[in-house]
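Right, one structure below, let's go through it.
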Protein chains: 2
Amino acid sequence: MRGEPDGVRAGPASQQGMRRANLALVLGVIARGPRSRAEVAAETGLTRAAVSSLAEQLISAGLVVEEGPAAPSGKVGRPGTALGLNPLGPGGLGAEIGVRHLGVCVVDLRGEVRAVRRQESANHGRPPAAVMTDLAHLIRSAVAESGLRPAGLTLAVPGLVGGGVLQRAANLGWQDVPLAAALRPALRLAGDGLGELPVEADNEANLGGLAERWLGESPEDFLYVSAEAGVGAAVVVGGRLLRGARGYAGELGHVPVHPEGPRCACGAHGCLEQYAGETAVLRAAGLAGVRGDWVTLLAERAGAGDEPARAALAGAGSALGIAAAGAVNLLDPAEVVLGGGYARLAPWLLPAMRRELTFRVTVRPWAEERLTVSRLGRRGPLLGAAVGVVRAIVADPGPLTGG
Amino acid sequence: MRGEPDGVRAGPASQQGMRRANLALVLGVIARGPRSRAEVAAETGLTRAAVSSLAEQLISAGLVVEEGPAAPSGKVGRPGTALGLNPLGPGGLGAEIGVRHLGVCVVDLRGEVRAVRRQESANHGRPPAAVMTDLAHLIRSAVAESGLRPAGLTLAVPGLVGGGVLQRAANLGWQDVPLAAALRPALRLAGDGLGELPVEADNEANLGGLAERWLGESPEDFLYVSAEAGVGAAVVVGGRLLRGARGYAGELGHVPVHPEGPRCACGAHGCLEQYAGETAVLRAAGLAGVRGDWVTLLAERAGAGDEPARAALAGAGSALGIAAAGAVNLLDPAEVVLGGGYARLAPWLLPAMRRELTFRVTVRPWAEERLTVSRLGRRGPLLGAAVGVVRAIVADPGPLTGG
């Protein structure tokens, strides 16, 4: 906001900061699609000479490649060489610890999936170290297939994460697990450098919501609602995830739906999870205690016309609609997006959910098309984890360029 | 983010923009408390010469005054003259159209109240033009007392505002009222220039929430819940009001509390307003149909030990607690602030509200002290309206300095 005309004192520190910001500026433009140096200069307002120097740094760092002649621009003169993100540059690694599965995904710098793994794994009550050993194997195998060198790893977990610690994951039976420290010993065994990767972690619904923002067609403001064992949500406002004052936002599963309803594991009564979570829906479908992937099971039964399964999902949809109506009245999002396991179950959830939203959001009439289904489905959190790593590189390539 | 080292092209337009930004930078520092020119230079990073030139412009515009010698700084040399906001400079004018009252407030540039008016007025169902005539009288009288020349007027109204139009105010019985256009003819009658003021408008709960942020001790993230005839709320995230995708956020009054409960004016069943709004609370207290200021009436009765009044308020507190618990689980605010009429009724609302919050917010235990009572009380929205005008001047004094 300040500059020469009023006599700001600029020092070397701010020049370095500016170079770093300009590296990000140039890489950000290139990330939107291949461009000649001249086009990058025009879009950024930087001089052609500055762009060339910055591009050189990005190419040396393996982040950008020359892709051959740029498309003719209609202007006089030879077309320049197009610069693009390097598909063989540093990748993003995402890993997911579910209650019944492990997942790994590697994306390249452009966000394209280069390897993906999913493995059934009954993780509830297992010691974190054992789970991490399995996860490290899966990671190593996916990274090998991808042919990329990941720049970082993000873990998606079904619980509350703060400062890299999984504070509570009721459905895993885990508490206060320092995730990076738990995973590193297993990753280090092979001595291939994976053990030294920066590791971050986040709640799976948060990552699912971010994936929706980054890869889906979602608007700037939306509520993302997903299910695996529990019910999760992400509130996105102005394109950014709302994390809350202590980082615990998005606990839609514990919004009261029928305040005098059944007792929840959290201690309260009538939480959404008591109507739309795994245990509740299985019980309502006459499948109490059944093990395995409840989402697939119910989708198959409901698809085959099984009435109890359909009624159970309609009940869950109604509860989801009541909770979503409260959130819509409070937040006025442009959309409510059903993701995760709910995306698969959407055909049977949507009618009741739409009914409640239409009935309860009347300050301005609720338009049906504002309730949408994620096309990323159950892969959302894993994709969000992996893509977040490469987005962070593009947002600030400085550390990888020595700048 | 861009600058000389990489060769940005700067034009005259950006120099003008920079001067405007620097005027704001200097005025912002002065607004935090009187300072010498040298102190302003040190805090802003601008040169002493630049600060002197900018200060001259701010003084000419009547925004800043010399306040006499600055406090000794402990440094060698004569202390400079302190610069402060001009208490006789342009003021902020706030006006409120309630269901049963009109209010006006004038604050000076420092946000101090210089005149305030409140007048009972049964506005429900009255034609906007008649209400505006009364309001214009009240405005003129308050402005005359203040001795200030207001720079703008903000109207607080109990309904949804979009593009300056009061789209719906059920408790006033108004719909689609272009507020500025409705008020101007009455303001123009005296020919004193008030009719030419820029007029803005906002929902009263939004302005109450902003007042809490600007004048209260609220944190960066909080939920403000208030009542006059209806139930209003403001969601503040990172210090900013969350307005929603279409501008309708904060409709806590229509969050479902008991989904099968009594029918609401909005068409749904069991909305919070059916338990904690004026009509519902009066009915529960055995005072159905009583006219006048329900908040004062109930506070007096409950204060005198009237059991039906106390029970009615406990019921309202319980419903408020259920709705607030849902909002807390979804948004994780640092505080829930009871404002407006609820601030006055807090002694009888708080116990039940605390109980529900403690019972229903368990992801991390709910700390009682996070439920607070606004010390601005029912004046919040009016103060927010008036202070918003002067805050806008301080944030961008350019237009008033010819810059």
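Ligands are numbered from 1 in the order shown, residues from 1 within each chain, and chains are lettered A, B, ... in the order they appear in the structure tokens.
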
Practice item. Write out as a list in words the residues lying within 9 Å of A:Thr296, counting only C-alpha atoms and excluding same-chain residues fewer than 5 positions away. Key: Arg301, Gly341, Arg344 and Leu345 of chain A

Generate a file of the selected residues that holds N, CA and C atoms, formatted as a PDB file, in the first residue's frame.
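result.pdb was written with the following content:
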```pdb
ATOM      1  N   ARG A 301     -28.565 -52.033  -1.340  1.00  0.00           N
ATOM      2  CA  ARG A 301     -29.913 -52.431  -0.914  1.00  0.00           C
ATOM      3  C   ARG A 301     -30.971 -51.454  -1.421  1.00  0.00           C
ATOM      4  N   GLY A 341     -19.461 -40.248   1.629  1.00  0.00           N
ATOM      5  CA  GLY A 341     -20.410 -41.341   1.489  1.00  0.00           C
ATOM      6  C   GLY A 341     -21.806 -40.867   1.100  1.00  0.00           C
ATOM      7  N   ARG A 344     -22.693 -40.916  -2.637  1.00  0.00           N
ATOM      8  CA  ARG A 344     -23.138 -42.211  -3.164  1.00  0.00           C
ATOM      9  C   ARG A 344     -24.595 -42.481  -2.801  1.00  0.00           C
ATOM     10  N   LEU A 345     -25.020 -42.015  -1.608  1.00  0.00           N
ATOM     11  CA  LEU A 345     -26.372 -42.298  -1.114  1.00  0.00           C
ATOM     12  C   LEU A 345     -27.381 -41.224  -1.532  1.00  0.00           C
TER      13      LEU A 345
END
```

Practice item. Output as number ranges by chain all residues of stretch 11-210 of chain A that backbone DSSP marks as strand (DSSP E). Key: A: 35-36, 64-69, 81-85, 91-97, 101-107, 113-120, 150-157, 160-162, 165-169, 174-178, 199-203

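Minimum distance to A:Arg243 across B:Leu330, B:Ala205, B:Ala386, B:Val99 (counting only C-alpha atoms) occurs at B:Leu330.
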
Exercise for review: Could you please tell me, as a count of residues only, which residues of chain B have an atom within 7 Å of chain A when using only C-alpha atoms?
Suggested key: 44

Exercise for review: Go through stretch 198-276 of chain B and collect every residue that DSSP, computed from the backbone, puts in helix (DSSP H, G or I); the answer should be as a ChimeraX atom specification.
Suggested key: /B:204-215,252-254,273-276

Point to revise | Long-range neighbours of stretch 163-165 of chain A as a ChimeraX atom specification, 9 Å cut-off, only C-alpha atoms, 4 positions minimum in chain | key: /A:175-180,199-202

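Each of B:Ala169, B:Leu297, B:Cys105, B:Val116 was checked against B:Gly388 using only C-alpha atoms; the smallest atom-to-atom distance is that of B:Cys105.
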
Practice item. For B:Gly230, please output as a ChimeraX atom specification all residues within 9 Å (counting only C-alpha atoms; exclusion window: fewer than 3 positions along the same chain). Key: /B:158,170-171,226-227,253,273,276-279

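Within the 7 Å cut-off around stretch 108-114 of chain A, using only C-alpha atoms and omitting residues fewer than 3 positions from it on the same chain, the listed residues are Leu85, Asn86, Pro87, Leu88, Gly89, Pro90, Gly91, Gly92, Ser146, Val387 and Val390 of chain A.
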
Keeping only C-alpha atoms, take the residues you just selected and write them out as a PDB file, in the first residue's frame.
```pdb
ATOM      1  CA  LEU A  85       3.830 -26.506 -14.986  1.00  0.00           C
ATOM      2  CA  ASN A  86       6.277 -29.416 -15.009  1.00  0.00           C
ATOM      3  CA  PRO A  87       4.300 -32.695 -14.893  1.00  0.00           C
ATOM      4  CA  LEU A  88       7.459 -34.423 -13.682  1.00  0.00           C
ATOM      5  CA  GLY A  89       8.155 -31.786 -11.026  1.00  0.00           C
ATOM      6  CA  PRO A  90       7.504 -32.149  -7.299  1.00  0.00           C
ATOM      7  CA  GLY A  91       4.244 -33.922  -6.519  1.00  0.00           C
ATOM      8  CA  GLY A  92       1.646 -33.812  -3.789  1.00  0.00           C
ATOM      9  CA  SER A 146       3.750 -42.217  -9.735  1.00  0.00           C
ATOM     10  CA  VAL A 387      -3.803 -31.276  -4.174  1.00  0.00           C
ATOM     11  CA  VAL A 390       0.934 -28.808  -4.796  1.00  0.00           C
TER      12      VAL A 390
END
```

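The closest residue to B:Ser374, picked from B:Glu212, B:Asp306, B:Glu228, B:Asp396 and counting only C-alpha atoms, is B:Glu212.
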
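Rounded to one decimal, atom CA of B:Leu23 and atom CA of B:Val64 lie 11.3 Å from each other.
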
Check your understanding: Skipping near chain neighbours, those fewer than 2 positions away, what residues fall within 10 Å of B:Arg213 using only C-alpha atoms, listed as JSON, numbers by chain?
Key -> {"B": [207, 208, 209, 210, 211, 215, 216, 217, 218, 219, 220, 221, 222, 224, 236, 239, 240, 241, 384]}
